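S.K.: To be precise about what I am sending: the file is called start-v3.txt and holds compact mmCIF, C-alpha atoms and all ligand atoms.
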```
# COMPACT_ATOMS: atom_id res chain seq x y z
CA MET M 65 0.62 19.52 -30.25
CA THR M 66 3.91 21.34 -30.22
CA ILE M 67 4.67 24.14 -32.61
CA ASP M 68 8.31 24.45 -33.26
CA GLU M 69 9.81 27.69 -34.33
CA HIS M 70 10.34 26.55 -37.87
CA ASP M 71 6.68 25.64 -38.40
CA PHE M 72 5.65 28.88 -36.85
CA ALA M 73 7.96 30.97 -39.04
CA SER M 74 6.84 29.27 -42.25
CA ALA M 75 3.16 29.61 -41.30
CA MET M 76 3.69 33.30 -40.73
CA ALA M 77 5.48 33.70 -44.04
CA ALA M 78 2.70 31.88 -45.94
CA ARG M 79 0.04 33.99 -44.31
CA GLN M 80 1.92 37.18 -45.03
CA ALA M 81 2.29 36.22 -48.71
CA ALA M 82 -1.45 35.48 -48.97
CA GLN M 83 -2.36 38.77 -47.32
CA ASP M 84 0.14 40.93 -49.11
CA GLY M 85 -0.85 40.95 -52.76
CA PRO M 86 0.45 43.89 -54.72
CA LEU M 87 0.48 47.20 -52.88
CA ALA M 88 -1.48 50.05 -54.50
CA ASP M 89 0.24 53.42 -54.73
CA GLY M 90 0.49 55.00 -51.30
CA GLU M 91 -0.96 51.93 -49.54
CA GLU M 92 0.62 50.91 -46.21
CA ARG M 93 1.04 47.52 -44.65
CA SER M 94 -1.34 46.78 -41.77
CA GLY M 95 0.12 46.75 -38.25
CA SER M 96 2.09 43.69 -37.17
CA ALA M 97 -0.40 42.72 -34.39
CA SER M 98 -3.12 41.78 -36.87
CA ALA M 99 -0.69 39.44 -38.62
CA LEU M 100 -0.40 37.15 -35.54
CA LEU M 101 -1.48 33.68 -36.53
CA GLN M 102 -1.06 32.12 -33.13
CA ARG M 103 -2.74 33.81 -30.18
CA PRO M 104 -2.53 31.54 -27.12
CA ARG M 105 -4.72 34.00 -25.22
CA ARG M 106 -7.71 32.90 -27.31
CA LEU M 107 -7.98 29.79 -25.16
CA ARG M 108 -7.74 31.73 -21.91
CA ARG M 109 -10.65 34.05 -22.49
CA THR M 110 -13.28 32.34 -20.36
CA HIS M 111 -13.46 29.99 -17.44
CA GLY M 112 -15.03 27.37 -19.72
CA LEU M 113 -12.24 27.53 -22.30
CA ARG M 114 -9.57 27.40 -19.63
CA ALA M 115 -11.19 24.33 -18.09
CA LEU M 116 -11.40 22.63 -21.51
CA VAL M 117 -7.69 22.94 -22.19
CA ARG M 118 -6.50 22.29 -18.62
CA GLU M 119 -3.72 19.70 -18.64
CA THR M 120 -3.51 18.77 -14.98
CA ARG M 121 -6.37 18.06 -12.63
CA LEU M 122 -6.06 17.72 -8.91
CA ALA M 123 -8.54 15.30 -7.36
CA THR M 124 -9.28 14.33 -3.78
CA ASP M 125 -8.26 10.75 -4.40
CA ASP M 126 -4.77 11.92 -5.39
CA LEU M 127 -4.18 12.84 -1.76
CA VAL M 128 -2.86 10.75 1.11
CA LEU M 129 -3.49 11.91 4.67
CA PRO M 130 -0.75 11.39 7.30
CA VAL M 131 -2.02 10.46 10.78
CA PHE M 132 0.01 10.53 14.01
CA VAL M 133 -1.17 8.10 16.65
CA THR M 134 -0.11 8.24 20.29
CA GLU M 135 -0.44 5.75 23.16
CA GLU M 136 -1.92 8.48 25.33
CA PRO M 137 -5.58 7.72 25.98
CA ASP M 138 -8.27 10.03 24.57
CA ALA M 139 -5.68 12.39 23.09
CA ALA M 140 -5.92 15.08 20.45
CA HIS M 141 -2.78 17.20 20.83
CA GLU M 142 -2.17 19.84 18.23
CA VAL M 143 1.45 19.94 17.02
CA PRO M 144 2.71 23.49 17.70
CA SER M 145 4.76 23.79 14.51
CA MET M 146 1.96 22.21 12.44
CA PRO M 147 -1.31 24.00 13.23
CA GLY M 148 -4.27 21.79 12.34
CA VAL M 149 -2.25 18.57 12.71
CA PHE M 150 -2.93 16.41 15.77
CA GLN M 151 -1.49 13.48 17.66
CA PHE M 152 -4.52 11.28 18.25
CA SER M 153 -5.18 8.28 20.45
CA PRO M 154 -6.16 5.30 18.25
CA ASP M 155 -9.92 5.69 18.79
CA ARG M 156 -9.82 9.38 17.97
CA ALA M 157 -7.58 8.72 14.98
CA ALA M 158 -10.22 6.35 13.65
CA VAL M 159 -12.92 9.02 14.00
CA PHE M 160 -10.69 11.50 12.17
CA VAL M 161 -10.04 8.98 9.40
CA GLU M 162 -13.76 8.32 9.10
CA GLU M 163 -14.33 12.02 8.58
CA ALA M 164 -11.55 12.09 5.98
CA SER M 165 -13.22 9.19 4.22
CA SER M 166 -16.54 11.04 4.11
CA LEU M 167 -14.72 13.86 2.31
CA GLY M 168 -13.52 11.44 -0.37
CA LEU M 169 -10.00 10.71 0.87
CA ARG M 170 -9.02 7.11 0.19
CA ALA M 171 -5.68 6.61 1.89
CA VAL M 172 -3.93 7.37 5.16
CA LEU M 173 -0.29 7.09 6.17
CA VAL M 174 0.02 5.95 9.77
CA PHE M 175 2.85 7.04 12.10
CA GLY M 176 3.01 5.57 15.60
CA LEU M 177 4.32 7.38 18.69
CA PRO M 178 5.22 4.72 21.26
CA ALA M 179 5.09 5.32 25.02
CA VAL M 180 8.48 3.70 25.51
CA LYS M 181 11.54 3.69 23.29
CA ASP M 182 14.67 1.54 23.40
CA ALA M 183 17.88 1.07 21.46
CA ARG M 184 16.34 -1.64 19.25
CA GLY M 185 13.03 0.10 18.60
CA SER M 186 11.12 -2.94 19.91
CA GLU M 187 7.75 -1.18 19.99
CA ALA M 188 7.94 -0.80 16.22
CA PHE M 189 7.26 -4.50 15.71
CA ALA M 190 5.38 -5.31 18.93
CA LEU M 191 2.13 -7.20 18.43
CA ASP M 192 0.29 -4.49 20.36
CA GLY M 193 2.58 -1.64 19.25
CA ILE M 194 0.93 1.71 18.74
CA ALA M 195 1.02 1.58 14.93
CA GLN M 196 -0.39 -1.95 14.92
CA LYS M 197 -3.17 -0.90 17.29
CA ALA M 198 -3.98 2.14 15.19
CA ILE M 199 -4.07 0.09 12.00
CA ARG M 200 -6.52 -2.37 13.56
CA VAL M 201 -8.82 0.31 14.93
CA ILE M 202 -8.85 2.25 11.66
CA ARG M 203 -9.41 -0.92 9.64
CA GLU M 204 -12.37 -1.83 11.81
CA ARG M 205 -14.01 1.59 11.71
CA VAL M 206 -13.30 2.46 8.05
CA PRO M 207 -12.89 -0.91 6.31
CA ASP M 208 -12.26 0.38 2.80
CA MET M 209 -9.65 2.98 3.75
CA VAL M 210 -6.25 2.23 2.20
CA ILE M 211 -3.88 2.03 5.15
CA ILE M 212 -0.24 2.78 4.46
CA ALA M 213 2.15 2.06 7.34
CA ASP M 214 5.37 4.05 7.63
CA ALA M 215 8.07 1.50 8.38
CA CYS M 216 11.02 3.11 10.10
CA MET M 217 12.68 2.95 13.48
CA CYS M 218 13.39 6.60 14.28
CA GLU M 219 10.15 7.15 16.22
CA TYR M 220 10.85 3.99 18.23
CA THR M 221 14.52 4.19 19.13
CA ASP M 222 15.72 6.06 22.22
CA HIS M 223 18.59 7.51 20.16
CA GLY M 224 16.18 8.63 17.40
CA HIS M 225 18.12 7.05 14.55
CA CYS M 226 16.50 5.03 11.77
CA GLY M 227 18.11 1.72 12.64
CA ILE M 228 20.29 -0.37 14.87
CA LEU M 229 23.53 1.48 15.67
CA ASP M 230 26.96 -0.04 15.23
CA GLU M 231 29.96 0.56 17.50
CA HIS M 232 30.67 3.84 15.70
CA LEU M 233 27.10 4.96 16.39
CA ASP M 234 26.29 4.81 12.70
CA VAL M 235 23.23 2.93 11.41
CA ASP M 236 24.20 -0.71 10.86
CA ASN M 237 22.60 -1.37 7.51
CA ASP M 238 22.20 -5.13 7.45
CA HIS M 239 21.14 -5.55 11.07
CA THR M 240 18.56 -2.87 10.51
CA LEU M 241 17.13 -4.84 7.58
CA GLU M 242 16.14 -7.70 9.88
CA THR M 243 14.22 -5.32 12.13
CA LEU M 244 12.57 -3.55 9.19
CA ALA M 245 11.36 -6.91 7.91
CA ARG M 246 9.82 -7.69 11.32
CA ILE M 247 8.17 -4.27 11.45
CA ALA M 248 6.67 -4.72 7.99
CA VAL M 249 5.28 -8.17 8.77
CA SER M 250 3.74 -6.97 12.03
CA GLN M 251 2.10 -4.04 10.23
CA ALA M 252 0.77 -6.32 7.50
CA ASP M 253 -0.51 -8.73 10.17
CA ALA M 254 -2.37 -5.80 11.73
CA GLY M 255 -4.08 -5.08 8.42
CA ALA M 256 -1.95 -2.55 6.52
CA ASP M 257 -2.46 -2.57 2.74
CA VAL M 258 0.83 -0.89 1.94
CA ILE M 259 4.18 -0.84 3.75
CA ALA M 260 6.22 2.32 3.30
CA PRO M 261 9.83 1.92 4.41
CA SER M 262 11.21 5.41 5.01
CA GLY M 263 14.72 4.88 6.31
CA MET M 264 16.77 4.85 3.08
CA ILE M 265 18.47 1.67 4.25
CA ASP M 266 20.14 -0.20 1.37
CA GLY M 267 18.19 -3.33 0.49
CA MET M 268 15.14 -2.39 2.58
CA VAL M 269 12.64 -3.06 -0.20
CA GLY M 270 14.07 -6.49 -1.03
CA ALA M 271 14.25 -7.52 2.63
CA ILE M 272 10.67 -6.42 3.28
CA ARG M 273 9.36 -8.04 0.09
CA ALA M 274 10.92 -11.36 1.00
CA ALA M 275 9.63 -11.23 4.57
CA LEU M 276 6.09 -10.29 3.52
CA ASP M 277 6.02 -13.11 0.98
CA ARG M 278 7.34 -15.62 3.53
CA HIS M 279 4.62 -14.62 5.98
CA GLY M 280 1.66 -14.93 3.65
CA HIS M 281 1.50 -11.28 2.64
CA ALA M 282 2.35 -11.53 -1.04
CA GLY M 283 -0.59 -9.23 -1.71
CA VAL M 284 0.64 -6.41 0.52
CA SER M 285 2.40 -3.75 -1.52
CA ILE M 286 5.46 -1.64 -0.89
CA LEU M 287 5.64 2.10 -1.33
CA SER M 288 9.32 2.84 -1.08
CA TYR M 289 10.58 6.18 0.11
CA SER M 290 12.98 5.59 -2.75
CA THR M 291 14.37 9.09 -3.00
CA LYS M 292 14.43 10.73 0.39
CA TYR M 293 16.74 13.64 0.96
CA ALA M 294 18.53 14.63 4.17
CA SER M 295 16.34 17.71 4.39
CA ALA M 296 15.80 20.56 6.84
CA PHE M 297 12.13 20.45 5.82
CA TYR M 298 11.46 17.57 8.26
CA GLY M 299 11.86 19.80 11.33
CA PRO M 300 8.17 20.06 12.33
CA PHE M 301 7.64 16.32 11.71
CA ARG M 302 10.28 15.55 14.27
CA ASP M 303 8.21 17.51 16.82
CA ALA M 304 5.07 15.72 15.73
CA ALA M 305 6.57 12.22 15.77
CA LYS M 306 9.15 12.89 18.48
CA GLY M 307 11.76 11.30 16.26
CA ALA M 308 14.64 13.78 16.16
CA PRO M 309 18.05 12.12 16.36
CA ALA M 310 19.55 12.54 19.85
CA PHE M 311 22.94 13.22 18.24
CA GLY M 312 24.29 13.54 14.72
CA ASP M 313 22.08 13.58 11.65
CA ARG M 314 20.77 11.31 8.91
CA ARG M 315 23.26 12.14 6.20
CA THR M 316 24.84 8.70 6.13
CA HIS M 317 21.60 7.21 4.81
CA GLN M 318 19.37 9.95 3.41
CA MET M 319 20.39 11.58 0.13
CA ASP M 320 22.42 14.72 -0.44
CA PRO M 321 20.09 17.51 -1.65
CA ALA M 322 22.65 18.33 -4.33
CA ASN M 323 22.11 15.02 -6.14
CA ALA M 324 19.55 14.01 -8.77
CA ARG M 325 21.31 11.33 -10.83
CA GLU M 326 21.77 9.36 -7.63
CA ALA M 327 17.97 9.38 -7.28
CA LEU M 328 17.68 7.48 -10.56
CA ARG M 329 19.98 4.84 -9.14
CA GLU M 330 17.95 4.56 -5.94
CA ASN M 331 14.71 4.30 -7.96
CA ALA M 332 16.12 1.58 -10.20
CA LEU M 333 17.34 -0.45 -7.23
CA ASP M 334 13.99 -0.22 -5.49
CA VAL M 335 12.05 -1.25 -8.57
CA ALA M 336 14.42 -4.18 -9.05
CA GLU M 337 13.90 -5.18 -5.40
CA GLY M 338 10.13 -5.19 -5.82
CA ALA M 339 8.83 -1.71 -4.99
CA ASP M 340 5.26 -1.23 -6.20
CA MET M 341 5.39 2.55 -5.91
CA LEU M 342 8.15 5.12 -5.72
CA MET M 343 8.40 8.35 -3.78
CA VAL M 344 10.26 11.62 -3.90
CA LYS M 345 10.53 13.45 -0.60
CA PRO M 346 10.40 16.39 0.05
CA ALA M 347 8.40 17.67 -2.92
CA LEU M 348 8.84 21.40 -3.39
CA ALA M 349 12.58 21.75 -3.71
CA TYR M 350 12.75 18.49 -5.68
CA LEU M 351 10.17 18.77 -8.46
CA ASP M 352 12.92 18.20 -11.01
CA VAL M 353 13.51 14.83 -9.38
CA VAL M 354 9.77 14.09 -9.48
CA ARG M 355 9.83 14.78 -13.22
CA GLN M 356 12.92 12.67 -13.83
CA THR M 357 11.49 9.79 -11.82
CA ARG M 358 8.22 9.96 -13.76
CA ASP M 359 10.16 9.82 -17.03
CA GLN M 360 12.44 7.05 -15.77
CA PHE M 361 9.52 4.79 -14.75
CA PRO M 362 6.39 5.94 -16.59
CA ALA M 363 4.46 2.87 -15.46
CA VAL M 364 5.31 2.87 -11.76
CA PRO M 365 2.97 4.96 -9.59
CA LEU M 366 4.85 7.92 -8.15
CA VAL M 367 4.19 9.66 -4.86
CA ALA M 368 5.41 13.10 -3.82
CA TYR M 369 5.63 13.84 -0.10
CA ASN M 370 4.61 17.43 0.65
CA VAL M 371 6.47 17.37 3.98
CA SER M 372 5.98 19.01 7.35
CA GLY M 373 8.27 21.99 6.72
CA GLU M 374 6.45 22.79 3.49
CA TYR M 375 3.16 22.68 5.40
CA ALA M 376 4.53 24.83 8.23
CA MET M 377 5.80 27.51 5.81
CA VAL M 378 2.39 27.88 4.20
CA LYS M 379 0.59 27.86 7.56
CA ALA M 380 2.87 30.52 9.01
CA ALA M 381 2.60 32.82 6.01
CA ALA M 382 -1.17 32.36 5.89
CA ALA M 383 -1.51 33.08 9.62
CA ALA M 384 0.45 36.29 9.12
CA GLY M 385 -1.91 37.25 6.32
CA TRP M 386 0.90 37.22 3.77
CA LEU M 387 -0.45 34.49 1.49
CA ASP M 388 -3.89 33.15 0.68
CA GLU M 389 -3.74 29.59 1.99
CA ARG M 390 -6.35 28.04 -0.28
CA SER M 391 -4.88 29.37 -3.52
CA ILE M 392 -1.33 28.61 -2.43
CA VAL M 393 -2.08 25.02 -1.44
CA LEU M 394 -4.05 24.21 -4.58
CA GLU M 395 -1.31 25.75 -6.72
CA LEU M 396 1.40 23.79 -4.92
CA LEU M 397 -0.43 20.48 -5.14
CA THR M 398 -1.26 21.05 -8.81
CA GLY M 399 2.41 21.82 -9.45
CA MET M 400 3.42 18.51 -7.87
CA LYS M 401 1.00 16.64 -10.11
CA ARG M 402 2.14 18.56 -13.17
CA ALA M 403 5.72 17.61 -12.33
CA GLY M 404 4.68 13.96 -12.57
CA ALA M 405 3.35 12.79 -9.22
CA ASP M 406 0.30 10.50 -9.23
CA LEU M 407 -0.29 10.83 -5.51
CA ILE M 408 0.64 13.43 -2.93
CA ILE M 409 1.06 12.83 0.78
CA THR M 410 0.02 16.09 2.38
CA TYR M 411 -0.97 17.45 5.80
CA HIS M 412 -3.33 19.70 3.86
CA ALA M 413 -5.31 16.68 2.62
CA VAL M 414 -8.49 17.29 4.63
CA GLN M 415 -8.56 21.01 3.89
CA ALA M 416 -7.78 20.42 0.23
CA ALA M 417 -10.56 17.82 0.01
CA ARG M 418 -12.99 20.45 1.31
CA TRP M 419 -11.72 23.06 -1.12
CA LEU M 420 -11.91 20.66 -4.05
CA ARG M 421 -15.48 19.85 -3.14
CA ALA M 422 -16.57 23.50 -3.00
C1 LIG J 1 10.91 8.70 9.15
C2 LIG J 1 10.13 9.76 8.50
C3 LIG J 1 10.37 11.14 8.54
C4 LIG J 1 9.36 11.74 7.79
C5 LIG J 1 8.52 10.73 7.34
N1 LIG J 1 9.02 9.50 7.77
C6 LIG J 1 11.39 11.90 9.29
C7 LIG J 1 12.81 11.82 8.94
O1 LIG J 1 13.24 11.15 8.02
O2 LIG J 1 13.56 12.45 9.66
C8 LIG J 1 9.25 13.20 7.52
C9 LIG J 1 7.90 13.67 7.10
C10 LIG J 1 7.68 15.13 7.15
O3 LIG J 1 8.58 15.95 7.40
O4 LIG J 1 6.53 15.50 6.92
N2 LIG J 1 10.11 7.81 9.86
```
Rewrite the structure from the file as structure tokens, please.

M.R.:
Amino acid sequence: MTIDEHDFASAMAARQAAQDGPLADGEERSGSASALLQRPRRLRRTHGLRALVRETRLATDDLVLPVFVTEEPDAAHEVPSMPGVFQFSPDRAAVFVEEASSLGLRAVLVFGLPAVKDARGSEAFALDGIAQKAIRVIRERVPDMVIIADACMCEYTDHGHCGILDEHLDVDNDHTLETLARIAVSQADAGADVIAPSGMIDGMVGAIRAALDRHGHAGVSILSYSTKYASAFYGPFRDAAKGAPAFGDRRTHQMDPANAREALRENALDVAEGADMLMVKPALAYLDVVRQTRDQFPAVPLVAYNVSGEYAMVKAAAAAGWLDERSIVLELLTGMKRAGADLIITYHAVQAARWLRA
């Protein structure tokens, strides 16, 4: 219920009139505090009351856990700028995912780190590519885990860009679409439930949808990184996934942080091309865009990506003793849900699952 100012003012006036009656000689009006009709604090008095009127609830199955998988055998390398995040060999990744599952997490987002890279990102769609291997091993060990495969080329190209380069060393949009379609099909063949194209290449959702359908994967869904900004918050991820561009940046395909209306256009295009879910990335500096996307497409599931730089900031401040990590993380994730996200991809997923359980 909303109380607009007019209703409030007339309620106050009516109450005052009822209370007032005629004043006896020398009588004084009671203090203004006692005349308050609305006291929002009444519903904040106890833990029980606060829980009853809570509008947003964070649950473990709102969270998606990113997993980095490397070709290196028997590996568990901690990423220096992301304490608590590891690059795992496929077998170890599967054990980690099994543990996540036992905590109630239902979905993982798989990133592959190939041993060799080339200009065309061939390992991204290789039959025995690292992501494909990881998907198979995870599927076998934790059959009911929802496996989301990040579909991009930047971790697989020797130049670190998200596509095939043209003669001006810019990403060639339409050639890149063909490769993205091959990547998506190979990931679906390996057992992915959801393909998540992350390159902000025009037409990527349509190209992937058509290819999946052609190859018998009409049931595999697409989570589009529909609104992905050219953000400085991806710094630690580029250490973790070894996908920093060797030159230049991603501003010819990712969005300008100054724009929000453009996000609505990207969302609309992706829905029209067949996206099953939308995403806003990063989350923190873009919660207005999360809200606008939620309002634009109330019926399309919306994902917020709580990215590597957001994770690193919290970790660093917590390590310095400046912030309480648990309270900060739960507040941030709740804020993302309140802004309109259904799901949140977060490197804090395992920790948050433990905290939510306690
Ligand atoms: C691209 C991709 C990136 C992230 C997810 N997918 C990096 C980029 O666009 O540069 C960033 C995730 C993060 O920072 O946590 N494959």

S.K.: Go through M:Ala252, M:Val371, M:Lys401, M:Val335 one by one, measure the shortest atom-to-atom distance of each to Arg200 (chain M) using all atoms listed in the file, and give the residue with the smallest value.

M.R.: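 So, comparing all the options, the nearest one is M:Ala252.
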
S.K.: Mind dumping a table of every chain M residue within 9 Å of ligand LIG 1 (chain J), with the nearest atom pair and its distance in Å to one decimal, using only C-alpha atoms and all ligand atoms, sorted by chain and rising number, as a Markdown table?

M.R.:
```
| residue | atom | partner | partner_atom | distance |
| --- | --- | --- | --- | --- |
| M:Pro130 | CA | J:LIG1 | O4 | 8.4 |
| M:Phe175 | CA | J:LIG1 | N2 | 7.6 |
| M:Asp214 | CA | J:LIG1 | N2 | 6.4 |
| M:Ala215 | CA | J:LIG1 | N2 | 6.8 |
| M:Cys216 | CA | J:LIG1 | N2 | 4.8 |
| M:Met217 | CA | J:LIG1 | N2 | 6.6 |
| M:Cys218 | CA | J:LIG1 | N2 | 5.6 |
| M:Glu219 | CA | J:LIG1 | N2 | 6.4 |
| M:His225 | CA | J:LIG1 | O2 | 8.6 |
| M:Cys226 | CA | J:LIG1 | C1 | 7.2 |
| M:Ala260 | CA | J:LIG1 | N1 | 8.9 |
| M:Pro261 | CA | J:LIG1 | N2 | 8.0 |
| M:Ser262 | CA | J:LIG1 | C1 | 5.3 |
| M:Gly263 | CA | J:LIG1 | C1 | 6.1 |
| M:Met264 | CA | J:LIG1 | O1 | 8.7 |
| M:Tyr289 | CA | J:LIG1 | N1 | 8.5 |
| M:Lys292 | CA | J:LIG1 | O1 | 7.7 |
| M:Tyr293 | CA | J:LIG1 | O1 | 8.3 |
| M:Ala294 | CA | J:LIG1 | O1 | 7.4 |
| M:Ser295 | CA | J:LIG1 | O2 | 7.9 |
| M:Ala296 | CA | J:LIG1 | O3 | 8.6 |
| M:Phe297 | CA | J:LIG1 | O3 | 5.9 |
| M:Tyr298 | CA | J:LIG1 | O3 | 3.4 |
| M:Gly299 | CA | J:LIG1 | O3 | 6.4 |
| M:Pro300 | CA | J:LIG1 | O3 | 6.4 |
| M:Phe301 | CA | J:LIG1 | O3 | 4.4 |
| M:Arg302 | CA | J:LIG1 | C6 | 6.3 |
| M:Ala304 | CA | J:LIG1 | O4 | 8.9 |
| M:Ala305 | CA | J:LIG1 | C6 | 8.1 |
| M:Gly307 | CA | J:LIG1 | O2 | 6.9 |
| M:Ala308 | CA | J:LIG1 | O2 | 6.7 |
| M:Pro309 | CA | J:LIG1 | O2 | 8.1 |
| M:Asp313 | CA | J:LIG1 | O2 | 8.8 |
| M:Arg314 | CA | J:LIG1 | O2 | 7.3 |
| M:Gln318 | CA | J:LIG1 | O1 | 7.8 |
| M:Lys345 | CA | J:LIG1 | C9 | 8.1 |
| M:Pro346 | CA | J:LIG1 | O3 | 7.6 |
| M:Tyr369 | CA | J:LIG1 | O4 | 7.3 |
| M:Asn370 | CA | J:LIG1 | O4 | 6.8 |
| M:Val371 | CA | J:LIG1 | O4 | 3.5 |
| M:Ser372 | CA | J:LIG1 | O4 | 3.6 |
| M:Gly373 | CA | J:LIG1 | O3 | 6.1 |
| M:Glu374 | CA | J:LIG1 | O4 | 8.1 |
| M:Tyr375 | CA | J:LIG1 | O4 | 8.1 |
| M:Ile409 | CA | J:LIG1 | O4 | 8.6 |
| M:Thr410 | CA | J:LIG1 | O4 | 8.0 |
| M:Tyr411 | CA | J:LIG1 | O4 | 7.8 |
```

S.K.: Quick one: distance from CA of Phe152 (chain M) to CA of Val172 (chain M) in Å, one decimal?

M.R.: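 So the two atoms, CA of Phe152 (chain M) and CA of Val172 (chain M), lie 13.7 Å apart.
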
S.K.: Which polymer residues have any atom within 12 Å of an atom of Ala422 (chain M), counting all atoms listed in the file, with same-chain residues fewer than 5 positions away left out, as a list in words?

M.R.: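 Surrounding residues, per the criterion: Thr124, Leu167, Arg390, Gln415, Ala416 and Ala417 of chain M.
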
S.K.: In terms of the shortest atom-to-atom distance over all atoms listed in the file, which of M:Leu116, M:Ile194, M:Ala188, M:Ile259 is closest to Thr243 (chain M)?

M.R.: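 Smallest distance to Thr243 (chain M) is found for M:Ala188.
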
S.K.: Work out how far CA of Thr240 (chain M) is from CA of Asp222 (chain M), in Å to one decimal.

M.R.: 15.0 Å

S.K.: Nearest residue to Gly227 (chain M) out of M:Thr357, M:Thr398, M:Ser186, M:Ser290, using all atoms listed in the file?

M.R.: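 So, comparing all the options, the nearest one is M:Ser186.
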
S.K.: Could I get region 127-143 of chain M from the block written out with N, CA and C atoms, as a CSV table (one decimal), in the first residue's frame?

M.R.:
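Resulting contents of result.csv:
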```csv
chain,number,residue,atom,x,y,z
M,127,LEU,N,21.5,-17.9,-6.6
M,127,LEU,CA,22.9,-17.6,-6.8
M,127,LEU,C,23.4,-18.6,-7.9
M,128,VAL,N,24.3,-18.0,-8.7
M,128,VAL,CA,25.0,-18.8,-9.8
M,128,VAL,C,26.5,-18.7,-9.5
M,129,LEU,N,27.1,-19.9,-9.4
M,129,LEU,CA,28.5,-19.9,-9.1
M,129,LEU,C,29.4,-20.0,-10.3
M,130,PRO,N,30.3,-19.0,-10.6
M,130,PRO,CA,31.2,-19.1,-11.7
M,130,PRO,C,32.4,-20.1,-11.4
M,131,VAL,N,32.8,-20.9,-12.4
M,131,VAL,CA,33.9,-21.8,-12.2
M,131,VAL,C,34.9,-21.7,-13.3
M,132,PHE,N,36.1,-21.5,-13.0
M,132,PHE,CA,37.2,-21.4,-14.0
M,132,PHE,C,37.9,-22.8,-14.1
M,133,VAL,N,38.0,-23.3,-15.3
M,133,VAL,CA,38.6,-24.6,-15.5
M,133,VAL,C,39.8,-24.6,-16.4
M,134,THR,N,40.9,-25.1,-16.0
M,134,THR,CA,42.1,-25.1,-16.7
M,134,THR,C,42.5,-26.5,-17.2
M,135,GLU,N,43.3,-26.5,-18.3
M,135,GLU,CA,43.8,-27.7,-18.9
M,135,GLU,C,44.9,-28.4,-18.0
M,136,GLU,N,45.4,-27.6,-17.1
M,136,GLU,CA,46.5,-28.1,-16.2
M,136,GLU,C,46.0,-29.2,-15.4
M,137,PRO,N,46.7,-30.4,-15.4
M,137,PRO,CA,46.2,-31.5,-14.6
M,137,PRO,C,46.3,-31.2,-13.1
M,138,ASP,N,45.3,-31.8,-12.3
M,138,ASP,CA,45.3,-31.7,-10.9
M,138,ASP,C,45.5,-30.3,-10.3
M,139,ALA,N,44.9,-29.3,-10.9
M,139,ALA,CA,45.2,-27.9,-10.5
M,139,ALA,C,44.1,-27.4,-9.6
M,140,ALA,N,44.6,-26.5,-8.7
M,140,ALA,CA,43.7,-25.7,-7.9
M,140,ALA,C,44.5,-24.4,-7.6
M,141,HIS,N,44.6,-23.5,-8.6
M,141,HIS,CA,45.4,-22.3,-8.4
M,141,HIS,C,44.5,-21.1,-7.9
M,142,GLU,N,44.8,-20.5,-6.8
M,142,GLU,CA,44.0,-19.4,-6.4
M,142,GLU,C,44.4,-18.2,-7.2
M,143,VAL,N,43.4,-17.4,-7.6
M,143,VAL,CA,43.6,-16.2,-8.4
M,143,VAL,C,44.0,-15.1,-7.4
```
